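**Student:** I am sharing structure-v6.txt, which consists of compact mmCIF, C-alpha atoms:
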```
# COMPACT_ATOMS: atom_id res chain seq x y z
CA MET A 1 -16.02 -31.13 81.81
CA SER A 2 -14.69 -30.63 78.32
CA LYS A 3 -16.34 -31.97 75.20
CA LYS A 4 -13.52 -34.49 74.86
CA ASN A 5 -14.22 -35.89 78.32
CA TRP A 6 -17.84 -36.42 77.40
CA TRP A 7 -16.85 -38.38 74.29
CA ILE A 8 -14.68 -40.66 76.43
CA ILE A 9 -17.31 -41.06 79.13
CA GLY A 10 -20.05 -41.61 76.54
CA THR A 11 -17.93 -44.18 74.70
CA GLY A 12 -17.16 -46.00 77.92
CA GLY A 13 -20.76 -45.95 79.08
CA ILE A 14 -22.10 -47.25 75.78
CA MET A 15 -19.39 -49.94 75.68
CA GLY A 16 -20.37 -51.05 79.17
CA LEU A 17 -24.02 -51.17 78.17
CA LEU A 18 -23.35 -53.05 74.92
CA ALA A 19 -21.13 -55.54 76.75
CA VAL A 20 -23.93 -56.39 79.18
CA LEU A 21 -26.48 -56.59 76.37
CA LEU A 22 -24.26 -58.84 74.26
CA VAL A 23 -24.01 -61.27 77.18
CA HIS A 24 -27.78 -61.05 77.58
CA PHE A 25 -28.17 -61.94 73.90
CA GLY A 26 -25.81 -64.90 74.07
CA ASN A 27 -22.11 -64.01 74.42
CA PRO A 28 -20.25 -65.86 77.22
CA VAL A 29 -20.54 -64.25 80.67
CA ASN A 30 -18.30 -61.22 81.30
CA MET A 31 -17.26 -61.57 77.65
CA GLY A 32 -19.70 -59.14 76.08
CA ILE A 33 -16.72 -57.42 74.55
CA CYS A 34 -13.23 -58.94 74.76
CA VAL A 35 -10.79 -58.19 72.01
CA ALA A 36 -8.40 -61.00 72.96
CA CYS A 37 -11.18 -63.58 73.20
CA PHE A 38 -12.74 -62.43 69.94
CA LEU A 39 -9.42 -62.62 68.07
CA ARG A 40 -8.79 -66.07 69.58
CA ASP A 41 -12.20 -67.37 68.52
CA THR A 42 -11.71 -65.94 65.04
CA ALA A 43 -8.28 -67.63 64.80
CA GLY A 44 -10.05 -70.83 65.80
CA ALA A 45 -12.75 -70.40 63.16
CA LEU A 46 -10.04 -70.05 60.52
CA GLY A 47 -8.50 -73.32 61.71
CA LEU A 48 -5.29 -71.65 62.89
CA ASP A 49 -5.44 -73.72 66.06
CA SER A 50 -7.23 -76.86 67.12
CA ALA A 51 -9.25 -75.70 70.14
CA ASP A 52 -12.63 -76.95 68.98
CA LYS A 53 -14.57 -75.06 71.65
CA LEU A 54 -13.16 -71.70 70.58
CA GLN A 55 -14.25 -71.31 66.98
CA TYR A 56 -16.40 -68.42 65.84
CA ILE A 57 -15.80 -65.42 63.61
CA ARG A 58 -16.77 -62.68 66.05
CA PRO A 59 -18.82 -60.05 64.21
CA GLU A 60 -17.94 -57.45 66.86
CA LEU A 61 -14.32 -57.48 65.64
CA ILE A 62 -15.43 -56.86 62.08
CA GLY A 63 -17.53 -53.98 63.36
CA PHE A 64 -14.62 -52.43 65.28
CA VAL A 65 -12.45 -52.30 62.17
CA LEU A 66 -15.15 -51.29 59.69
CA GLY A 67 -16.71 -48.73 62.06
CA ALA A 68 -13.35 -47.05 62.57
CA PHE A 69 -12.61 -47.32 58.85
CA VAL A 70 -15.84 -45.62 57.75
CA LEU A 71 -15.70 -42.86 60.35
CA SER A 72 -12.02 -42.13 59.67
CA LEU A 73 -12.80 -41.77 55.96
CA PHE A 74 -15.69 -39.48 56.81
CA ARG A 75 -13.59 -37.37 59.19
CA LYS A 76 -10.65 -37.27 56.77
CA GLU A 77 -8.49 -39.07 59.32
CA PHE A 78 -7.92 -42.16 57.20
CA GLN A 79 -4.14 -42.23 56.67
CA PRO A 80 -2.34 -45.21 55.14
CA THR A 81 0.91 -45.22 57.12
CA GLY A 82 3.42 -47.82 58.22
CA GLY A 83 7.03 -48.79 58.59
CA SER A 84 7.57 -48.23 62.30
CA SER A 85 9.33 -51.52 63.11
CA PRO A 86 6.49 -53.75 61.87
CA LEU A 87 8.18 -57.02 62.76
CA LEU A 88 8.95 -55.87 66.30
CA ARG A 89 5.31 -54.85 66.65
CA PHE A 90 4.30 -58.32 65.48
CA VAL A 91 6.47 -59.92 68.17
CA ILE A 92 5.28 -57.57 70.94
CA SER A 93 1.64 -58.16 69.98
CA PHE A 94 2.21 -61.90 69.93
CA PHE A 95 3.25 -61.77 73.59
CA VAL A 96 0.49 -59.33 74.50
CA MET A 97 -1.91 -62.06 73.41
CA ILE A 98 -0.04 -64.72 75.39
CA GLY A 99 -0.35 -62.52 78.50
CA ALA A 100 -4.04 -61.92 77.83
CA LEU A 101 -4.76 -65.63 77.42
CA VAL A 102 -2.89 -66.47 80.63
CA PHE A 103 -5.07 -63.95 82.47
CA LEU A 104 -8.09 -64.85 80.30
CA GLY A 105 -9.07 -61.53 78.79
CA CYS A 106 -7.92 -58.28 77.29
CA PRO A 107 -7.94 -55.03 79.34
CA LEU A 108 -11.54 -54.49 78.33
CA ARG A 109 -12.68 -57.88 79.60
CA MET A 110 -10.65 -57.21 82.75
CA VAL A 111 -12.89 -54.23 83.51
CA LEU A 112 -16.00 -56.21 82.55
CA ARG A 113 -14.94 -59.10 84.80
CA LEU A 114 -14.49 -56.61 87.61
CA ALA A 115 -17.96 -55.24 86.93
CA GLY A 116 -19.27 -58.80 87.21
CA GLY A 117 -17.74 -59.07 90.70
CA ASP A 118 -14.73 -61.17 89.64
CA LEU A 119 -12.01 -60.07 92.08
CA ASN A 120 -9.32 -61.93 90.13
CA ALA A 121 -9.66 -59.06 87.69
CA LEU A 122 -8.61 -56.67 90.43
CA VAL A 123 -5.33 -58.59 90.62
CA GLY A 124 -5.20 -58.32 86.83
CA LEU A 125 -5.72 -54.56 87.03
CA MET A 126 -2.80 -54.24 89.45
CA GLY A 127 -0.63 -56.27 87.09
CA PHE A 128 -1.81 -54.26 84.10
CA THR A 129 -0.88 -51.03 85.89
CA ALA A 130 2.52 -52.42 86.88
CA GLY A 131 3.19 -53.42 83.26
CA ILE A 132 2.25 -49.96 82.03
CA LEU A 133 4.61 -48.39 84.58
CA LEU A 134 7.39 -50.61 83.27
CA GLY A 135 6.61 -49.45 79.73
CA ILE A 136 6.59 -45.80 80.88
CA LEU A 137 10.02 -46.31 82.39
CA PHE A 138 11.38 -47.21 78.96
CA LEU A 139 9.40 -44.47 77.22
CA LYS A 140 11.00 -41.94 79.56
CA LYS A 141 14.41 -43.39 78.75
CA GLY A 142 13.71 -42.76 75.08
CA PHE A 143 12.15 -46.00 73.85
CA SER A 144 10.89 -45.68 70.29
CA LEU A 145 9.90 -48.10 67.55
CA GLY A 146 10.80 -45.38 65.05
CA ARG A 147 8.81 -43.37 62.57
CA SER A 148 6.06 -44.50 60.29
CA TYR A 149 5.69 -43.06 56.82
CA SER A 150 2.94 -42.63 54.26
CA GLN A 151 2.12 -45.83 52.41
CA PRO A 152 0.38 -46.40 49.09
CA ALA A 153 -3.35 -45.87 49.63
CA VAL A 154 -4.17 -49.51 48.91
CA SER A 155 -2.21 -50.73 51.94
CA GLY A 156 -4.61 -48.87 54.23
CA PHE A 157 -7.51 -50.84 52.78
CA VAL A 158 -6.04 -54.27 53.54
CA MET A 159 -7.34 -54.68 57.09
CA PRO A 160 -10.82 -53.31 56.31
CA ALA A 161 -10.88 -55.69 53.31
CA ILE A 162 -9.91 -58.64 55.52
CA ALA A 163 -12.70 -57.63 57.91
CA ALA A 164 -15.15 -57.55 54.99
CA VAL A 165 -14.03 -60.99 53.78
CA LEU A 166 -14.47 -62.39 57.30
CA LEU A 167 -18.00 -60.98 57.30
CA VAL A 168 -18.73 -62.84 54.06
CA PHE A 169 -17.33 -66.06 55.58
CA LEU A 170 -19.50 -65.55 58.63
CA LEU A 171 -22.66 -65.03 56.62
CA VAL A 172 -22.02 -67.71 53.97
CA ARG A 173 -20.47 -70.23 56.39
CA PRO A 174 -18.34 -72.14 53.87
CA ALA A 175 -17.24 -75.63 54.95
CA PHE A 176 -13.62 -74.58 55.63
CA ILE A 177 -14.69 -72.12 58.33
CA LEU A 178 -15.15 -73.83 61.69
CA PHE A 179 -17.92 -73.06 64.14
CA SER A 180 -17.94 -74.55 67.64
CA SER A 181 -20.97 -76.57 68.60
CA GLU A 182 -20.16 -76.34 72.32
CA GLY A 183 -18.08 -74.21 74.72
CA PRO A 184 -17.48 -70.44 74.60
CA GLY A 185 -17.15 -70.47 70.80
CA SER A 186 -20.73 -71.67 70.48
CA MET A 187 -22.05 -68.90 72.71
CA HIS A 188 -22.79 -65.74 70.86
CA ALA A 189 -25.36 -63.03 70.33
CA PRO A 190 -27.18 -63.03 66.96
CA VAL A 191 -24.85 -61.95 64.13
CA LEU A 192 -26.61 -58.68 63.33
CA ILE A 193 -26.74 -57.57 66.96
CA SER A 194 -23.03 -58.34 67.42
CA LEU A 195 -22.12 -56.62 64.19
CA ALA A 196 -24.15 -53.52 65.03
CA ALA A 197 -22.62 -53.36 68.53
CA GLY A 198 -19.15 -53.70 67.00
CA LEU A 199 -19.83 -50.91 64.52
CA VAL A 200 -21.05 -48.61 67.28
CA VAL A 201 -17.94 -49.34 69.38
CA GLY A 202 -15.68 -48.92 66.33
CA ILE A 203 -17.20 -45.56 65.52
CA LEU A 204 -17.13 -44.28 69.10
CA ALA A 205 -13.62 -45.54 69.76
CA GLN A 206 -12.37 -43.87 66.57
CA ARG A 207 -14.00 -40.61 67.59
CA SER A 208 -12.95 -40.66 71.25
CA ARG A 209 -9.57 -42.46 70.73
CA MET A 210 -10.50 -44.70 73.62
CA CYS A 211 -7.53 -46.81 74.74
CA MET A 212 -7.42 -49.07 77.76
CA ALA A 213 -3.64 -48.79 78.11
CA GLY A 214 -3.57 -45.08 77.29
CA GLY A 215 -5.92 -44.31 80.17
CA ILE A 216 -3.57 -45.55 82.86
CA ARG A 217 -0.46 -44.43 80.97
CA ASP A 218 -1.68 -40.84 80.74
CA LEU A 219 -2.68 -40.84 84.36
CA PHE A 220 0.94 -41.48 85.36
CA LEU A 221 2.85 -39.97 82.47
CA ALA A 222 0.91 -36.78 81.81
CA LYS A 223 -1.10 -36.50 85.05
CA ASN A 224 -4.09 -36.53 82.75
CA GLY A 225 -7.10 -38.56 83.85
CA ASN A 226 -9.40 -37.87 80.86
CA MET A 227 -8.96 -41.24 79.22
CA ALA A 228 -9.20 -43.13 82.50
CA LEU A 229 -12.73 -41.75 82.85
CA GLY A 230 -13.64 -44.15 80.06
CA TYR A 231 -12.79 -47.13 82.31
CA VAL A 232 -14.86 -45.72 85.11
CA ALA A 233 -17.81 -45.35 82.75
CA ILE A 234 -17.47 -48.91 81.37
CA PHE A 235 -17.19 -50.25 84.87
CA ALA A 236 -20.09 -48.24 86.30
CA VAL A 237 -22.56 -49.05 83.52
CA ALA A 238 -21.58 -52.73 83.29
CA LEU A 239 -21.78 -53.05 87.08
CA LEU A 240 -25.26 -51.56 87.13
CA GLY A 241 -26.34 -53.75 84.21
CA ASN A 242 -24.96 -56.91 85.84
CA ILE A 243 -26.74 -56.12 89.10
CA LEU A 244 -30.02 -55.43 87.31
CA LEU A 245 -29.76 -58.65 85.28
CA GLY A 246 -28.72 -60.66 88.34
CA LYS A 247 -25.30 -61.49 86.86
CA PHE A 248 -23.21 -59.81 89.58
CA LYS A 249 -21.37 -62.27 91.80
CA LEU A 250 -18.63 -60.98 94.11
CA GLY A 251 -15.64 -63.19 94.88
CA PHE A 252 -12.57 -64.98 93.60
CA ASP A 253 -13.89 -68.51 93.20
CA GLY A 254 -16.15 -69.94 90.54
CA GLN A 255 -16.07 -66.89 88.27
CA PRO A 256 -16.94 -67.49 84.61
CA ILE A 257 -13.97 -68.28 82.33
CA ALA A 258 -11.44 -67.27 84.98
CA HIS A 259 -8.88 -68.87 87.30
CA THR A 260 -7.74 -67.82 90.76
CA ASP A 261 -3.96 -67.98 90.38
CA VAL A 262 -2.91 -64.61 91.81
CA ILE A 263 0.67 -64.57 90.50
CA TRP A 264 -0.26 -65.42 86.94
CA ASN A 265 -3.31 -63.19 86.82
CA PHE A 266 -0.96 -60.40 87.83
CA LEU A 267 1.91 -61.31 85.50
CA GLY A 268 -0.32 -62.12 82.53
CA MET A 269 -1.95 -58.71 82.64
CA ALA A 270 1.40 -57.05 83.42
CA LEU A 271 2.70 -58.44 80.13
CA VAL A 272 -0.37 -57.03 78.37
CA GLY A 273 0.16 -53.58 79.94
CA TYR A 274 3.88 -53.61 79.18
CA GLY A 275 3.42 -54.64 75.55
CA SER A 276 0.47 -52.30 74.97
CA THR A 277 2.51 -49.36 76.23
CA LEU A 278 5.40 -50.24 73.92
CA LEU A 279 2.94 -50.54 71.01
CA GLY A 280 1.30 -47.23 71.87
CA GLY A 281 -2.14 -48.74 72.42
CA CYS A 282 -4.18 -51.63 73.78
CA PRO A 283 -5.55 -54.43 71.55
CA LEU A 284 -8.81 -52.51 70.95
CA ARG A 285 -6.86 -49.43 69.89
CA GLN A 286 -4.75 -51.55 67.50
CA LEU A 287 -7.94 -52.69 65.75
CA ILE A 288 -9.26 -49.13 65.54
CA MET A 289 -5.96 -47.80 64.16
CA ALA A 290 -5.85 -50.70 61.70
CA GLY A 291 -9.24 -49.48 60.45
CA GLU A 292 -7.83 -45.96 60.12
CA GLY A 293 -5.21 -47.19 57.65
CA ASN A 294 -2.33 -47.68 60.10
CA THR A 295 -0.61 -50.75 58.68
CA ASP A 296 1.67 -51.07 61.71
CA ALA A 297 -1.46 -51.55 63.80
CA GLY A 298 -2.63 -54.02 61.14
CA ILE A 299 0.57 -56.00 61.72
CA SER A 300 -0.11 -55.85 65.47
CA VAL A 301 -3.54 -57.36 64.91
CA LEU A 302 -1.94 -60.18 62.91
CA GLY A 303 0.56 -60.63 65.75
CA LEU A 304 -2.28 -60.89 68.25
CA ILE A 305 -4.04 -63.49 66.10
CA SER A 306 -0.83 -65.51 65.74
CA GLY A 307 -0.28 -65.29 69.49
CA ALA A 308 -3.76 -66.72 70.04
CA ALA A 309 -3.20 -69.55 67.57
CA PHE A 310 0.15 -70.47 69.11
CA ALA A 311 -1.26 -70.21 72.63
CA HIS A 312 -3.82 -72.86 71.83
CA ASN A 313 -1.62 -75.04 69.63
CA PHE A 314 1.12 -75.20 72.27
CA GLY A 315 -1.19 -75.34 75.27
CA LEU A 316 -0.06 -72.01 76.70
CA ALA A 317 -3.48 -70.54 77.39
CA ALA A 318 -5.05 -70.70 80.83
CA SER A 319 -8.45 -72.19 81.52
CA ALA A 320 -10.76 -72.25 84.51
CA ALA A 321 -8.49 -75.04 85.80
CA GLY A 322 -5.49 -72.71 85.98
CA VAL A 323 -2.36 -71.80 84.05
CA PRO A 324 -0.28 -74.58 82.46
CA SER A 325 3.49 -74.48 83.13
CA SER A 326 4.16 -73.88 79.46
CA GLY A 327 1.98 -70.75 79.66
CA LYS A 328 3.96 -69.50 82.65
CA ILE A 329 7.22 -70.04 80.80
CA ALA A 330 5.82 -68.24 77.75
CA VAL A 331 4.90 -65.22 79.88
CA LEU A 332 8.42 -65.07 81.33
CA ILE A 333 9.91 -65.35 77.84
CA GLY A 334 7.56 -62.53 76.84
CA PHE A 335 8.95 -60.25 79.53
CA ALA A 336 12.50 -61.07 78.45
CA VAL A 337 11.79 -60.46 74.75
CA LEU A 338 9.91 -57.19 75.34
CA THR A 339 12.69 -55.92 77.59
CA LEU A 340 15.31 -56.85 75.01
CA ILE A 341 13.33 -54.96 72.36
CA ALA A 342 12.86 -51.96 74.67
CA LEU A 343 16.53 -51.79 75.60
CA SER A 344 17.73 -52.07 72.04
CA THR A 345 15.49 -49.32 70.66
CA LEU A 346 16.27 -46.44 73.00
CA ARG A 347 16.74 -43.27 70.97
CA LYS A 348 19.19 -40.63 72.00
CA LYS A 349 17.83 -37.99 74.33
CA GLY A 350 17.33 -34.55 72.90
CA ALA A 351 15.94 -35.63 69.57
CA ALA A 352 14.18 -32.28 69.54
CA ASN A 353 16.57 -29.80 67.99
CA MET B 1 12.69 -19.58 63.69
CA GLY B 2 12.67 -21.32 67.06
CA ILE B 3 13.06 -24.87 68.22
CA VAL B 4 11.88 -27.58 65.82
CA VAL B 5 10.31 -30.75 67.20
CA ASP B 6 9.88 -33.34 64.50
CA ALA B 7 7.40 -35.90 65.83
CA ARG B 8 6.15 -37.07 62.45
CA GLY B 9 5.30 -40.75 62.32
CA LEU B 10 5.98 -41.42 65.99
CA SER B 11 3.57 -43.52 68.05
CA CYS B 12 1.70 -42.24 71.11
CA PRO B 13 2.87 -40.89 73.51
CA GLU B 14 6.22 -40.00 71.91
CA PRO B 15 5.07 -36.71 70.30
CA LEU B 16 3.84 -35.63 73.71
CA LEU B 17 7.11 -36.63 75.40
CA LEU B 18 9.23 -34.83 72.79
CA THR B 19 7.15 -31.68 73.19
CA GLN B 20 7.44 -31.91 76.96
CA GLU B 21 11.18 -32.39 76.63
CA ALA B 22 11.52 -29.35 74.37
CA LEU B 23 9.42 -27.22 76.73
CA ASP B 24 11.69 -28.21 79.62
CA ARG B 25 14.96 -27.78 77.74
CA TYR B 26 14.19 -24.51 76.02
CA PRO B 27 12.01 -22.53 78.40
CA GLY B 28 10.44 -19.44 76.89
CA GLN B 29 11.45 -20.25 73.31
CA ALA B 30 9.08 -20.57 70.40
CA LEU B 31 8.44 -24.14 69.26
CA MET B 32 7.63 -25.53 65.83
CA ILE B 33 6.16 -28.98 66.23
CA GLN B 34 5.64 -31.20 63.21
CA LEU B 35 3.46 -34.26 63.50
CA ASN B 36 1.00 -36.17 61.38
CA SER B 37 -1.53 -38.01 63.45
CA PRO B 38 -4.69 -36.19 64.57
CA VAL B 39 -4.39 -37.95 67.94
CA ALA B 40 -0.90 -36.56 68.52
CA ARG B 41 -2.09 -33.13 67.41
CA ASP B 42 -4.86 -33.15 70.00
CA ARG B 43 -2.61 -34.42 72.78
CA VAL B 44 0.17 -31.95 72.06
CA THR B 45 -2.17 -28.97 71.88
CA GLU B 46 -3.74 -30.10 75.16
CA LEU B 47 -0.29 -29.99 76.74
CA LEU B 48 0.52 -26.59 75.23
CA ASP B 49 -2.78 -25.27 76.58
CA LYS B 50 -1.94 -26.57 80.01
CA LYS B 51 1.49 -24.95 79.85
CA GLY B 52 -0.08 -21.62 78.92
CA ARG B 53 1.26 -21.38 75.36
CA VAL B 54 -0.56 -19.84 72.45
CA PHE B 55 -0.36 -21.74 69.19
CA ASP B 56 -1.70 -22.01 65.72
CA ILE B 57 -2.01 -25.15 63.65
CA SER B 58 -1.47 -25.29 59.92
CA ARG B 59 -2.26 -28.33 57.83
CA LEU B 60 0.55 -29.27 55.46
CA GLU B 61 0.25 -31.90 52.75
CA ASP B 62 0.55 -34.93 54.99
CA SER B 63 1.29 -33.42 58.39
CA PHE B 64 0.41 -30.69 60.83
CA LEU B 65 2.64 -27.82 61.90
CA ILE B 66 1.99 -26.38 65.33
CA GLN B 67 3.68 -23.08 66.08
CA ALA B 68 3.69 -22.30 69.78
CA ARG B 69 4.98 -19.41 71.85
CA GLU B 70 4.51 -17.90 75.27
CA LYS B 71 1.58 -15.59 75.79
```
As a first step, turn the structure in this file into structure tokens.
**Tutor:**
Amino acid sequence: MSKKNWWIIGTGGIMGLLAVLLVHFGNPVNMGICVACFLRDTAGALGLDSADKLQYIRPELIGFVLGAFVLSLFRKEFQPTGGSSPLLRFVISFFVMIGALVFLGCPLRMVLRLAGGDLNALVGLMGFTAGILLGILFLKKGFSLGRSYSQPAVSGFVMPAIAAVLLVFLLVRPAFILFSSEGPGSMHAPVLISLAAGLVVGILAQRSRMCMAGGIRDLFLAKNGNMALGYVAIFAVALLGNILLGKFKLGFDGQPIAHTDVIWNFLGMALVGYGSTLLGGCPLRQLIMAGEGNTDAGISVLGLISGAAFAHNFGLAASAAGVPSSGKIAVLIGFAVLTLIALSTLRKKGAAN
Amino acid sequence: MGIVVDARGLSCPEPLLLTQEALDRYPGQALMIQLNSPVARDRVTELLDKKGRVFDISRLEDSFLIQAREK
């Protein structure tokens, strides 16, 4: 086992543990850590959509960005860069969020749902893998969003600054920030616990480069299973924690914040895997890179937030009751748009010269 | 000189794919790989290790230069 493997395994294990603890302290079940859900709730708190049960500025998110920001400064890896097709990244991220909200969770929550015994997440995992394979197909054909370049230093500070402002809003609770009084948005661990957990994850994910899409991608593309070990660690620790706390319940039906529609669990996560591969990283990784000064990843985060707001304004998001037709159509449009982007950005082979 | 792979500013896993492509296309030749993200640096050197190349890394102003050759 190399040192790098231990970082990945350690990061995964601690993430699994924190996810279980966050649920124990008040986060919704199997939602100890879910980047998509957290971004959606934060969009709700800012009034970007009107889902009144999904409004809370999630301190974990703030921790992810600020943890990665501080450690990248410390390790001299903070690099303000950008300019690699930002608007295309916005669009791809938008649809990644639509896919995630049709499945009901980001890749991280998918693993946590699995660790809670939710077998719908197994269908999601198959879809996620299929989506990544589709992305790999285009990568092998020469898909590229183009180069990024150095940016003025200040641009790298924008996302960490937004995270800091959100923290102020969360602590001060001004009247224009909305907080749910019922539903998932009202369920949360105490602010300081969430923030500390977020910081720990941000720091570890910066150090280990943990990426939920990269794990499966590397397994197929580079025959390299290092990163995938992180999943195994998250799963194993969360599974153990759920069993110990009596939260493990095996089956398809009646799982918390989940539906049992096989096709759309598969396709929703496939869209997430596809988009994440085109972006070069899963939603968590986008947040971490945004903290490291990558403004393209910052744009991706904004795309994810917009996707969440639109999903709830237009009734695209799934619920325990199932997936609305408009959500299904949005997922299909997502596949079409991503494929159009992928086909139109193939670089010529042999760019090495 | 040798073969130049310019992977500066490219997202993961493109630097890795370009390096792989260069290794396949120009077997036995020395490679000069330019890139700027620490992640790409780690991934590319991992690949070079696996392929049995020796390399040294120099830090330029805003990028890394990896010079690799066969043992």
**Student:** Quote the spacing between atom CA of A:Leu346 and atom CA of A:Met212 in Å to one decimal place.
**Tutor:**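 Spanning atom CA of A:Leu346 to atom CA of A:Met212 is a straight-line distance of 24.3 Å.
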**Student:** From the list A:Phe220, A:Phe314, A:Phe266, A:Tyr56, which residue is nearest A:Lys140 when using only C-alpha atoms?
**Tutor:**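 Nearest to A:Lys140: A:Phe220.
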**Student:** For chain B, which residues have at least one atom within 9 Å of chain A, if we go by all atoms listed in the file? Write them as number ranges by chain, please.
**Tutor:** B: 3-14, 16-19, 21-22, 25, 37-39, 47, 62
**Student:** Taking all listed atoms of stretch 127-140 of chain A, build the axis-aligned box, pad each of the six sides by 4 Å, then write its centre and edge lengths in Å to one decimal as AutoDock Vina command-line options.
**Tutor:**
```
--center_x 4.8 --center_y -49.1 --center_z 82.2 --size_x 21.2 --size_y 22.3 --size_z 17.9
```
**Student:** Name the residues in contact with A:Pro28 at a cut-off of 8 Å, using all atoms listed in the file, excluding same-chain residues fewer than 6 positions from it; report them as number ranges by chain.
**Tutor:** A: 184, 187-188
**Student:** May I ask for the distance between atom CA of A:Gly117 and atom CA of A:Gly251, given in Å to one decimal place?
**Tutor:**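 Computed distance, atom CA of A:Gly117 to atom CA of A:Gly251, equals 6.2 Å.
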**Student:** If you measure from atom CA of B:Val54 to atom CA of A:Trp6, what distance in Å do you get, rounded to one decimal?
**Tutor:** 24.5 Å
**Student:** From the set B:Ala40, B:Leu35, B:Leu48, B:Ile66, which residue has the shortest atom-to-atom contact distance to B:Gln20, counting all atoms listed in the file?
**Tutor:**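 Among B:Ala40, B:Leu35, B:Leu48, B:Ile66, it is B:Leu48 that comes nearest to B:Gln20.
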**Student:** Which polymer residues have any atom within 7 Å of an atom of B:Phe64, counting only C-alpha atoms, with same-chain residues fewer than 4 positions away left out, as a PyMOL selection string?
**Tutor:** chain B and resi 34-36+57-60
**Student:** Near stretch 318-322 of chain A, within 9 Å and counting all atoms listed in the file, which residues show up once chain neighbours fewer than 2 positions away are dropped, as number ranges by chain?
**Tutor:** A: 101-104, 254-261, 315-316, 324, 327
**Student:** List as a PyMOL selection string: which residues have an atom within 10 Å of (-20.2, -58.5, 94.6), counting only C-alpha atoms?
**Tutor:** chain A and resi 114-119+239+243+247-251
**Student:** With only C-alpha atoms as the atoms that count, which of B:Pro15, B:Tyr26, B:Arg41, B:Ala68 lies nearest to B:Arg53?
**Tutor:** B:Ala68
**Student:** Write out as a count of residues only which residues come within 9 Å of A:Asp296 when counting all atoms listed in the file, dropping same-chain ones fewer than 2 positions away.
**Tutor:** 19
